[in-house]
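Reproduced below: start.txt, with compact mmCIF, C-alpha atoms and all ligand atoms.
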```txt
# COMPACT_ATOMS: atom_id res chain seq x y z
CA MET V 1 105.77 79.08 152.27
CA PRO V 2 102.67 77.71 154.08
CA ILE V 3 102.81 74.05 155.15
CA PRO V 4 101.15 72.02 152.35
CA SER V 5 97.69 70.85 153.34
CA LEU V 6 94.70 69.17 151.77
CA ARG V 7 92.27 71.27 153.82
CA ASP V 8 89.41 72.47 151.58
CA GLN V 9 91.09 70.98 148.50
CA ARG V 10 88.78 69.11 146.11
CA VAL V 11 90.09 65.60 145.41
CA VAL V 12 88.56 63.34 142.74
CA ILE V 13 89.24 59.61 143.13
CA LEU V 14 88.33 57.29 140.27
CA GLY V 15 88.24 53.83 141.82
CA GLY V 16 87.41 55.39 145.19
CA SER V 17 84.58 53.01 146.08
CA SER V 18 86.85 50.28 147.47
CA GLY V 19 90.40 49.23 148.26
CA ILE V 20 93.27 51.65 147.89
CA GLY V 21 91.07 54.37 146.38
CA PHE V 22 88.62 54.23 149.28
CA ALA V 23 91.53 54.49 151.73
CA VAL V 24 92.80 57.56 149.85
CA ALA V 25 89.31 59.06 150.13
CA GLU V 26 89.14 58.37 153.87
CA CYS V 27 92.62 59.75 154.57
CA ALA V 28 92.13 62.84 152.38
CA ALA V 29 88.77 63.57 154.04
CA ALA V 30 90.42 63.17 157.46
CA GLU V 31 92.87 65.92 156.41
CA GLY V 32 89.98 68.24 155.54
CA ALA V 33 89.68 67.60 151.79
CA ARG V 34 86.35 67.45 150.01
CA VAL V 35 86.36 64.21 148.06
CA VAL V 36 84.43 63.08 145.01
CA ILE V 37 84.59 59.39 144.18
CA GLY V 38 83.70 57.57 140.98
CA SER V 39 83.50 53.94 139.96
CA SER V 40 81.38 51.89 137.60
CA ARG V 41 78.75 50.51 140.00
CA GLN V 42 76.20 52.94 141.45
CA ALA V 43 75.54 50.75 144.52
CA LYS V 44 79.25 50.59 145.39
CA VAL V 45 79.58 54.36 145.02
CA ASP V 46 76.53 54.96 147.23
CA THR V 47 77.79 52.60 149.96
CA ALA V 48 81.24 54.20 149.95
CA VAL V 49 79.87 57.77 150.04
CA ALA V 50 77.67 56.83 153.00
CA LYS V 51 80.74 55.48 154.85
CA LEU V 52 82.83 58.55 154.03
CA GLY V 53 80.28 61.00 155.41
CA GLN V 54 79.55 64.65 154.71
CA ALA V 55 82.89 65.56 153.12
CA ALA V 56 82.22 63.14 150.25
CA SER V 57 80.08 62.81 147.19
CA GLY V 58 80.19 60.41 144.26
CA HIS V 59 78.87 59.51 140.84
CA PRO V 60 78.97 56.30 138.83
CA VAL V 61 81.32 56.35 135.84
CA ASP V 62 82.89 53.63 133.73
CA VAL V 63 86.40 54.76 132.76
CA ARG V 64 86.12 52.77 129.50
CA ASP V 65 83.36 55.15 128.37
CA GLU V 66 84.92 58.41 127.15
CA ALA V 67 81.60 60.26 126.86
CA GLY V 68 80.73 59.14 130.38
CA LEU V 69 84.06 60.50 131.68
CA ALA V 70 83.47 63.85 129.95
CA ALA V 71 80.02 64.06 131.59
CA PHE V 72 81.47 63.02 134.99
CA PHE V 73 84.11 65.76 134.99
CA GLY V 74 81.63 68.27 133.60
CA ALA V 75 79.38 67.57 136.58
CA VAL V 76 82.31 67.73 139.05
CA GLY V 77 83.58 71.10 137.78
CA ALA V 78 86.76 72.73 139.10
CA PHE V 79 88.92 70.62 141.40
CA ASP V 80 92.50 70.31 142.69
CA HIS V 81 93.75 66.71 142.57
CA LEU V 82 92.93 63.60 140.53
CA VAL V 83 93.72 60.14 141.90
CA PHE V 84 93.21 57.13 139.63
CA THR V 85 93.06 53.70 141.30
CA ALA V 86 90.39 52.10 139.09
CA GLY V 87 91.38 48.57 138.16
CA ASP V 88 89.84 45.34 136.99
CA TRP V 89 92.70 43.03 137.92
CA GLY V 90 93.75 42.25 134.36
CA ALA V 91 90.41 40.86 133.27
CA GLY V 92 90.63 38.72 130.17
CA VAL V 93 94.28 37.62 130.06
CA ARG V 94 95.16 34.34 131.74
CA PRO V 95 98.78 33.35 132.48
CA GLY V 96 100.03 30.71 130.06
CA PRO V 97 102.23 29.94 127.07
CA LEU V 98 102.71 32.78 124.60
CA ALA V 99 101.64 30.48 121.76
CA SER V 100 98.10 30.39 123.14
CA LEU V 101 97.86 34.11 123.95
CA ASP V 102 94.54 35.58 122.79
CA LEU V 103 95.75 38.80 121.17
CA ALA V 104 92.30 40.42 121.12
CA ALA V 105 91.98 39.83 124.87
CA ALA V 106 95.53 41.11 125.37
CA GLN V 107 94.75 44.32 123.48
CA ALA V 108 91.64 44.87 125.62
CA ALA V 109 93.35 44.04 128.94
CA PRO V 110 94.62 47.59 129.68
CA ASN V 111 91.27 49.20 128.87
CA VAL V 112 90.61 50.19 132.48
CA ARG V 113 94.06 50.64 134.00
CA PHE V 114 95.92 52.29 131.09
CA TRP V 115 93.46 53.60 128.49
CA GLY V 116 90.95 54.42 131.23
CA ALA V 117 93.61 56.38 133.11
CA LEU V 118 94.59 58.30 129.98
CA ALA V 119 90.97 59.07 129.11
CA ALA V 120 90.36 60.24 132.68
CA VAL V 121 93.35 62.59 132.52
CA LYS V 122 92.20 63.90 129.14
CA HIS V 123 88.78 64.85 130.48
CA ALA V 124 89.98 65.97 133.92
CA GLN V 125 92.55 68.35 132.48
CA PRO V 126 90.19 71.24 131.61
CA HIS V 127 88.88 71.27 135.21
CA ILE V 128 92.01 70.70 137.29
CA SER V 129 93.83 73.48 139.12
CA GLN V 130 97.18 74.54 137.62
CA ALA V 131 98.56 74.08 141.16
CA GLY V 132 97.04 70.61 141.33
CA SER V 133 98.19 67.05 140.70
CA ILE V 134 97.34 63.78 139.03
CA THR V 135 98.35 60.48 140.63
CA LEU V 136 97.96 57.20 138.75
CA THR V 137 98.50 53.61 139.93
CA ASP V 138 100.57 50.70 138.62
CA GLY V 139 101.93 47.77 140.60
CA LEU V 140 105.12 46.08 141.70
CA LEU V 141 104.69 43.33 139.10
CA ALA V 142 105.86 46.01 136.63
CA HIS V 143 109.28 45.17 138.11
CA ARG V 144 108.82 41.41 138.63
CA PRO V 145 108.50 39.68 135.24
CA MET V 146 107.16 36.12 135.56
CA LYS V 147 107.10 33.17 133.18
CA GLY V 148 103.70 32.93 131.53
CA SER V 149 102.77 36.59 132.14
CA PRO V 150 104.88 38.71 129.79
CA LEU V 151 102.32 41.51 129.54
CA THR V 152 101.97 42.28 133.24
CA PRO V 153 105.25 44.20 133.52
CA ALA V 154 104.56 45.85 130.17
CA PHE V 155 101.23 47.29 131.28
CA GLY V 156 102.56 48.49 134.65
CA GLY V 157 105.66 49.92 133.00
CA ALA V 158 103.46 51.74 130.51
CA ILE V 159 101.88 53.72 133.36
CA GLU V 160 105.32 54.50 134.84
CA HIS V 161 106.46 55.92 131.50
CA LEU V 162 103.13 57.64 130.84
CA VAL V 163 103.52 59.80 133.96
CA GLY V 164 106.83 61.12 132.66
CA GLY V 165 105.24 62.09 129.36
CA LEU V 166 102.22 63.64 131.02
CA ALA V 167 104.39 65.51 133.53
CA MET V 168 106.13 67.25 130.62
CA ASP V 169 102.92 67.75 128.68
CA LEU V 170 100.66 69.07 131.45
CA ALA V 171 103.11 71.09 133.58
CA PRO V 172 102.68 72.93 135.88
CA VAL V 173 100.08 70.30 136.84
CA ARG V 174 102.15 67.52 138.44
CA VAL V 175 101.72 63.89 137.33
CA ASN V 176 103.04 60.88 139.28
CA THR V 177 102.21 57.25 139.99
CA VAL V 178 102.11 55.03 143.05
CA CYS V 179 103.47 51.51 142.61
CA PRO V 180 102.00 49.31 145.35
CA GLY V 181 103.24 45.91 146.41
CA LEU V 182 100.71 43.54 147.94
CA ILE V 183 98.07 45.60 149.79
CA MET V 184 95.37 43.99 151.93
CA THR V 185 92.34 45.35 150.08
CA GLU V 186 89.03 43.49 149.85
CA VAL V 187 90.25 41.49 146.82
CA VAL V 188 93.44 40.40 148.58
CA GLN V 189 91.48 39.49 151.73
CA GLU V 190 89.94 36.72 149.63
CA TYR V 191 93.37 35.12 149.01
CA PRO V 192 94.24 32.08 151.15
CA PRO V 193 96.48 33.26 154.02
CA GLU V 194 99.28 30.95 152.82
CA THR V 195 99.27 32.74 149.45
CA VAL V 196 99.74 36.10 151.16
CA THR V 197 102.53 34.60 153.27
CA ARG V 198 104.24 33.16 150.18
CA MET V 199 103.93 36.43 148.27
CA THR V 200 105.40 38.54 151.06
CA ALA V 201 107.99 36.16 152.57
CA GLY V 202 111.50 37.55 152.38
CA GLN V 203 110.40 41.18 152.25
CA PRO V 204 112.06 43.35 154.88
CA LEU V 205 108.47 43.90 156.08
CA PRO V 206 107.05 40.39 155.48
CA ARG V 207 103.32 41.15 155.28
CA ALA V 208 100.78 42.78 153.01
CA GLY V 209 100.42 46.53 153.41
CA ASP V 210 97.35 48.17 154.86
CA PRO V 211 95.32 50.27 152.38
CA ALA V 212 95.84 53.30 154.65
CA GLU V 213 99.62 52.79 154.35
CA ALA V 214 99.36 52.82 150.55
CA ALA V 215 97.09 55.87 150.74
CA GLN V 216 99.86 57.91 152.40
CA ALA V 217 101.85 57.85 149.15
CA TYR V 218 98.94 59.44 147.27
CA LEU V 219 98.53 62.07 149.98
CA TYR V 220 102.24 62.84 149.79
CA LEU V 221 102.09 63.23 146.00
CA MET V 222 99.10 65.58 146.23
CA LYS V 223 100.99 67.84 148.64
CA ALA V 224 104.54 67.51 147.23
CA GLY V 225 104.59 70.63 145.08
CA PHE V 226 108.12 70.06 143.68
CA THR V 227 107.63 66.38 142.67
CA THR V 228 106.48 65.37 139.20
CA GLY V 229 107.00 62.49 136.77
CA GLN V 230 107.87 60.13 139.64
CA VAL V 231 107.06 56.61 140.80
CA ILE V 232 106.57 56.11 144.55
CA VAL V 233 106.93 52.46 145.54
CA VAL V 234 104.97 51.23 148.61
CA ASP V 235 105.90 47.56 148.87
CA GLY V 236 107.30 46.62 152.29
CA GLY V 237 110.72 46.48 150.63
CA ARG V 238 109.76 43.88 148.00
CA MET V 239 111.79 45.76 145.38
CA LEU V 240 114.95 44.85 147.34
CA VAL V 241 114.53 41.08 147.25
N1 LIG V 301 95.75 45.55 146.23
C1 LIG V 301 96.96 45.22 145.78
O1 LIG V 301 97.67 44.38 146.33
C2 LIG V 301 97.50 45.91 144.55
C3 LIG V 301 98.86 45.77 144.25
C4 LIG V 301 99.39 46.37 143.12
C5 LIG V 301 98.56 47.10 142.28
N2 LIG V 301 97.23 47.22 142.58
C6 LIG V 301 96.40 47.97 141.65
O2 LIG V 301 95.81 49.05 142.35
C7 LIG V 301 94.50 49.31 141.82
C8 LIG V 301 93.49 49.29 142.97
O3 LIG V 301 93.54 48.03 143.60
P1 LIG V 301 92.56 47.66 144.78
O4 LIG V 301 93.13 46.52 145.51
O5 LIG V 301 92.19 48.89 145.54
O6 LIG V 301 91.29 47.13 143.93
P2 LIG V 301 89.73 47.25 144.14
O7 LIG V 301 89.34 47.28 145.58
O8 LIG V 301 89.13 46.20 143.26
O9 LIG V 301 89.37 48.69 143.56
C9 LIG V 301 89.21 48.93 142.21
C10 LIG V 301 88.29 50.11 142.02
O10 LIG V 301 88.15 50.34 140.62
C11 LIG V 301 86.77 50.45 140.30
N3 LIG V 301 86.59 50.04 138.91
C12 LIG V 301 86.80 48.82 138.35
N4 LIG V 301 86.49 48.85 137.04
C13 LIG V 301 86.11 50.14 136.76
C14 LIG V 301 85.69 50.80 135.59
N5 LIG V 301 85.58 50.16 134.40
N6 LIG V 301 85.37 52.13 135.66
C15 LIG V 301 85.46 52.78 136.86
N7 LIG V 301 85.87 52.21 138.00
C16 LIG V 301 86.19 50.90 137.95
C17 LIG V 301 86.06 49.55 141.33
O11 LIG V 301 84.70 49.88 141.56
P3 LIG V 301 83.48 49.32 140.64
O12 LIG V 301 83.47 47.86 140.80
O13 LIG V 301 82.26 50.01 141.19
O14 LIG V 301 83.75 49.77 139.25
C18 LIG V 301 86.86 49.90 142.57
O15 LIG V 301 86.42 51.12 143.12
C19 LIG V 301 94.24 48.22 140.76
O16 LIG V 301 94.57 48.73 139.48
C20 LIG V 301 95.23 47.13 141.14
O17 LIG V 301 95.62 46.35 140.01
C21 LIG V 301 96.69 46.66 143.69
```
As structure tokens:
Amino acid sequence: MPIPSLRDQRVVILGGSSGIGFAVAECAAAEGARVVIGSSRQAKVDTAVAKLGQAASGHPVDVRDEAGLAAFFGAVGAFDHLVFTAGDWGAGVRPGPLASLDLAAAQAAPNVRFWGALAAVKHAQPHISQAGSITLTDGLLAHRPMKGSPLTPAFGGAIEHLVGGLAMDLAPVRVNTVCPGLIMTEVVQEYPPETVTRMTAGQPLPRAGDPAEAAQAYLYLMKAGFTTGQVIVVDGGRMLV
């Protein structure tokens, strides 16, 4: 069997204009893949494509807009791997007592990260190679319930269970998720340093991860032809403590 490689593979990354998704785009392009990125803001897409260079292209798409996703994938055409890192950081739901939970806001909260992911898979499916893969994204808080935030683990866990269902449904296309701990993306760079220290203290690797370190899990899942329905945790060992 040839050594798995991303050379000349077409990789579509929704959420690829910044953070973890941009790092996946950079690392995949460095391995010879042709990458297509999408995110909601045209200017962000253009800036990221310019940084990525000739192996990259991109189009604006809002993953909450099903017709827009259908048009996006129609324009992309045939490709090999879908990576979904689009996220809005739980817009709309504030931590607090359950008695004051705004249920309408709670219902809308997973519109990007869960419903957007499912809609993306739905419209990617007709174009993706049968030898290809789909990799979604959740987060370590799926495994760290906290007082005042009962929905956070539910939404992350929903993605972890969705990949099992999709892996059965879409086989032989493989479907997995990456579960990152704290990763030093642009958003996290805005945190006070003492917050990052507090959040990572006690981990076997007591720091935030680099986006390129998180990206390696996505690259692995694209190339790992016998792996499907799985969760790959990239968290500096946070799961252990
Ligand atoms: N960084 C961490 O520590 C960490 C830890 C655990 C889990 N995660 C999760 O991993 C994912 C990526 O995190 P990140 O740090 O890389 O965040 P990020 O830099 O904010 O990246 C999010 C990406 O999603 C895009 N996006 C947002 N809303 C969108 C929409 N409606 N339609 C299409 N694209 C949209 C953004 O671009 P536009 O603004 O142009 O739309 C951007 O490209 C998020 O779901 C986050 O919750 C992150």
Out of V:Ala71, V:Val231, V:Ile3, V:Leu98, which residue has the shortest atom-to-atom distance to His161 in chain V when counting all atoms listed in the file?
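So, comparing all the options, the nearest one is V:Val231.
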All file atoms of range 130-133 of chain V boxed axis-aligned, 3 Å per side, centre plus edges, as AutoDock Vina command-line options:
```
--center_x 97.8 --center_y 70.8 --center_z 139.5 --size_x 7.5 --size_y 13.5 --size_z 9.7
```
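Distances to Ala67 in chain V were evaluated for V:Gly157, V:Pro150, V:Gly116, V:Gly165 using only C-alpha atoms, and the minimum falls at V:Gly116.
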Can you find the residues with an atom no farther than 8 Å from (104.8, 59.6, 133.5), counting only C-alpha atoms, and report them as a count of residues only?
14
Go through V:Ala91, V:Ala99, V:Ala23, V:Leu14 one by one, measure the shortest atom-to-atom distance of each to His59 in chain V using all atoms listed in the file, and give the residue with the smallest value.
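Comparing V:Ala91, V:Ala99, V:Ala23, V:Leu14 against His59 in chain V, the winner is V:Leu14.
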How close does chain V get to ligand LIG 301 (chain V)? List, as a tab-separated table, each residue of chain V within 9 Å, its nearest atom pair and the distance in Å to one decimal, counting only C-alpha atoms and all ligand atoms.
```
residue	atom	partner	partner_atom	distance
V:Ile13	CA	V:LIG301	O15	8.9
V:Leu14	CA	V:LIG301	N7	6.1
V:Gly15	CA	V:LIG301	O15	3.5
V:Gly16	CA	V:LIG301	O15	4.8
V:Ser17	CA	V:LIG301	O15	4.0
V:Ser18	CA	V:LIG301	O7	4.3
V:Gly19	CA	V:LIG301	O5	3.3
V:Ile20	CA	V:LIG301	O5	3.8
V:Gly21	CA	V:LIG301	O5	5.7
V:Phe22	CA	V:LIG301	O15	7.2
V:Ala23	CA	V:LIG301	O5	8.4
V:Ile37	CA	V:LIG301	O15	8.5
V:Gly38	CA	V:LIG301	N7	6.5
V:Ser39	CA	V:LIG301	N7	3.5
V:Ser40	CA	V:LIG301	O14	3.6
V:Arg41	CA	V:LIG301	O13	3.7
V:Gln42	CA	V:LIG301	O13	6.7
V:Ala43	CA	V:LIG301	O13	7.5
V:Lys44	CA	V:LIG301	O13	5.2
V:Val45	CA	V:LIG301	O13	6.4
V:Pro60	CA	V:LIG301	O13	7.5
V:Val61	CA	V:LIG301	C15	5.6
V:Asp62	CA	V:LIG301	N6	3.5
V:Val63	CA	V:LIG301	N6	4.0
V:Arg64	CA	V:LIG301	N5	5.6
V:Asp65	CA	V:LIG301	N5	8.1
V:Phe84	CA	V:LIG301	C7	8.2
V:Thr85	CA	V:LIG301	C7	4.6
V:Ala86	CA	V:LIG301	O10	3.2
V:Gly87	CA	V:LIG301	O16	3.5
V:Asp88	CA	V:LIG301	C12	4.8
V:Trp89	CA	V:LIG301	O17	4.9
V:Gly90	CA	V:LIG301	O17	7.2
V:Asn111	CA	V:LIG301	N5	8.0
V:Val112	CA	V:LIG301	N5	5.4
V:Arg113	CA	V:LIG301	O16	5.8
V:Gly116	CA	V:LIG301	N6	7.5
V:Thr137	CA	V:LIG301	O2	5.8
V:Asp138	CA	V:LIG301	C5	5.5
V:Gly139	CA	V:LIG301	C5	3.8
V:Leu140	CA	V:LIG301	C4	5.9
V:Leu141	CA	V:LIG301	C4	7.3
V:Gly156	CA	V:LIG301	C5	8.7
V:Val178	CA	V:LIG301	O2	8.7
V:Cys179	CA	V:LIG301	C4	6.6
V:Pro180	CA	V:LIG301	C4	4.5
V:Gly181	CA	V:LIG301	C3	4.9
V:Leu182	CA	V:LIG301	O1	3.5
V:Ile183	CA	V:LIG301	O1	3.7
V:Met184	CA	V:LIG301	N1	5.9
V:Thr185	CA	V:LIG301	O4	4.8
V:Glu186	CA	V:LIG301	O7	5.7
V:Val187	CA	V:LIG301	O4	5.9
V:Val188	CA	V:LIG301	N1	6.1
V:Ala208	CA	V:LIG301	O1	7.5
V:Gly209	CA	V:LIG301	O1	7.9
V:Pro211	CA	V:LIG301	O5	7.6
V:Asp235	CA	V:LIG301	C3	8.6
```
Could you tell me which of V:Leu82, V:Gly236, V:Gly225, V:Glu190 comes closest to Pro2 in chain V if we count all atoms listed in the file?
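Smallest separation from Pro2 in chain V among the options: V:Gly225.
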Can you take the partial range 164-182 of chain V, add N, CA and C atoms, and return it as a PDB file, in the coordinates of the input?
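Result went into part19.pdb, see below:
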```pdb
ATOM      1  N   GLY V 164     105.768  60.221 133.098  1.00  0.00           N
ATOM      2  CA  GLY V 164     106.830  61.120 132.660  1.00  0.00           C
ATOM      3  C   GLY V 164     106.367  61.985 131.494  1.00  0.00           C
ATOM      4  N   GLY V 165     105.734  61.340 130.523  1.00  0.00           N
ATOM      5  CA  GLY V 165     105.240  62.090 129.360  1.00  0.00           C
ATOM      6  C   GLY V 165     104.202  63.113 129.748  1.00  0.00           C
ATOM      7  N   LEU V 166     103.283  62.705 130.613  1.00  0.00           N
ATOM      8  CA  LEU V 166     102.220  63.640 131.020  1.00  0.00           C
ATOM      9  C   LEU V 166     102.773  64.775 131.890  1.00  0.00           C
ATOM     10  N   ALA V 167     103.796  64.466 132.682  1.00  0.00           N
ATOM     11  CA  ALA V 167     104.390  65.510 133.530  1.00  0.00           C
ATOM     12  C   ALA V 167     104.979  66.622 132.665  1.00  0.00           C
ATOM     13  N   MET V 168     105.595  66.241 131.550  1.00  0.00           N
ATOM     14  CA  MET V 168     106.130  67.250 130.620  1.00  0.00           C
ATOM     15  C   MET V 168     104.990  67.979 129.918  1.00  0.00           C
ATOM     16  N   ASP V 169     103.998  67.205 129.517  1.00  0.00           N
ATOM     17  CA  ASP V 169     102.920  67.750 128.680  1.00  0.00           C
ATOM     18  C   ASP V 169     101.997  68.686 129.460  1.00  0.00           C
ATOM     19  N   LEU V 170     101.701  68.341 130.713  1.00  0.00           N
ATOM     20  CA  LEU V 170     100.660  69.070 131.450  1.00  0.00           C
ATOM     21  C   LEU V 170     101.211  70.047 132.490  1.00  0.00           C
ATOM     22  N   ALA V 171     102.530  70.159 132.588  1.00  0.00           N
ATOM     23  CA  ALA V 171     103.110  71.090 133.580  1.00  0.00           C
ATOM     24  C   ALA V 171     102.495  72.483 133.401  1.00  0.00           C
ATOM     25  N   PRO V 172     102.221  73.166 134.513  1.00  0.00           N
ATOM     26  CA  PRO V 172     102.680  72.930 135.880  1.00  0.00           C
ATOM     27  C   PRO V 172     101.849  71.925 136.689  1.00  0.00           C
ATOM     28  N   VAL V 173     100.773  71.378 136.114  1.00  0.00           N
ATOM     29  CA  VAL V 173     100.080  70.300 136.840  1.00  0.00           C
ATOM     30  C   VAL V 173     101.083  69.142 136.985  1.00  0.00           C
ATOM     31  N   ARG V 174     101.192  68.595 138.182  1.00  0.00           N
ATOM     32  CA  ARG V 174     102.150  67.520 138.440  1.00  0.00           C
ATOM     33  C   ARG V 174     101.489  66.155 138.195  1.00  0.00           C
ATOM     34  N   VAL V 175     102.269  65.215 137.655  1.00  0.00           N
ATOM     35  CA  VAL V 175     101.720  63.890 137.330  1.00  0.00           C
ATOM     36  C   VAL V 175     102.696  62.821 137.823  1.00  0.00           C
ATOM     37  N   ASN V 176     102.208  61.924 138.672  1.00  0.00           N
ATOM     38  CA  ASN V 176     103.040  60.880 139.280  1.00  0.00           C
ATOM     39  C   ASN V 176     102.254  59.579 139.332  1.00  0.00           C
ATOM     40  N   THR V 177     102.927  58.496 139.738  1.00  0.00           N
ATOM     41  CA  THR V 177     102.210  57.250 139.990  1.00  0.00           C
ATOM     42  C   THR V 177     102.673  56.617 141.292  1.00  0.00           C
ATOM     43  N   VAL V 178     101.760  55.876 141.907  1.00  0.00           N
ATOM     44  CA  VAL V 178     102.110  55.030 143.050  1.00  0.00           C
ATOM     45  C   VAL V 178     102.193  53.595 142.544  1.00  0.00           C
ATOM     46  N   CYS V 179     103.240  52.910 142.989  1.00  0.00           N
ATOM     47  CA  CYS V 179     103.470  51.510 142.610  1.00  0.00           C
ATOM     48  C   CYS V 179     103.352  50.656 143.871  1.00  0.00           C
ATOM     49  N   PRO V 180     102.162  50.092 144.113  1.00  0.00           N
ATOM     50  CA  PRO V 180     102.000  49.310 145.350  1.00  0.00           C
ATOM     51  C   PRO V 180     102.515  47.872 145.194  1.00  0.00           C
ATOM     52  N   GLY V 181     103.067  47.350 146.277  1.00  0.00           N
ATOM     53  CA  GLY V 181     103.240  45.910 146.410  1.00  0.00           C
ATOM     54  C   GLY V 181     101.914  45.329 146.868  1.00  0.00           C
ATOM     55  N   LEU V 182     101.962  44.172 147.522  1.00  0.00           N
ATOM     56  CA  LEU V 182     100.710  43.540 147.940  1.00  0.00           C
ATOM     57  C   LEU V 182     100.059  44.351 149.064  1.00  0.00           C
TER      58      LEU V 182
END
```
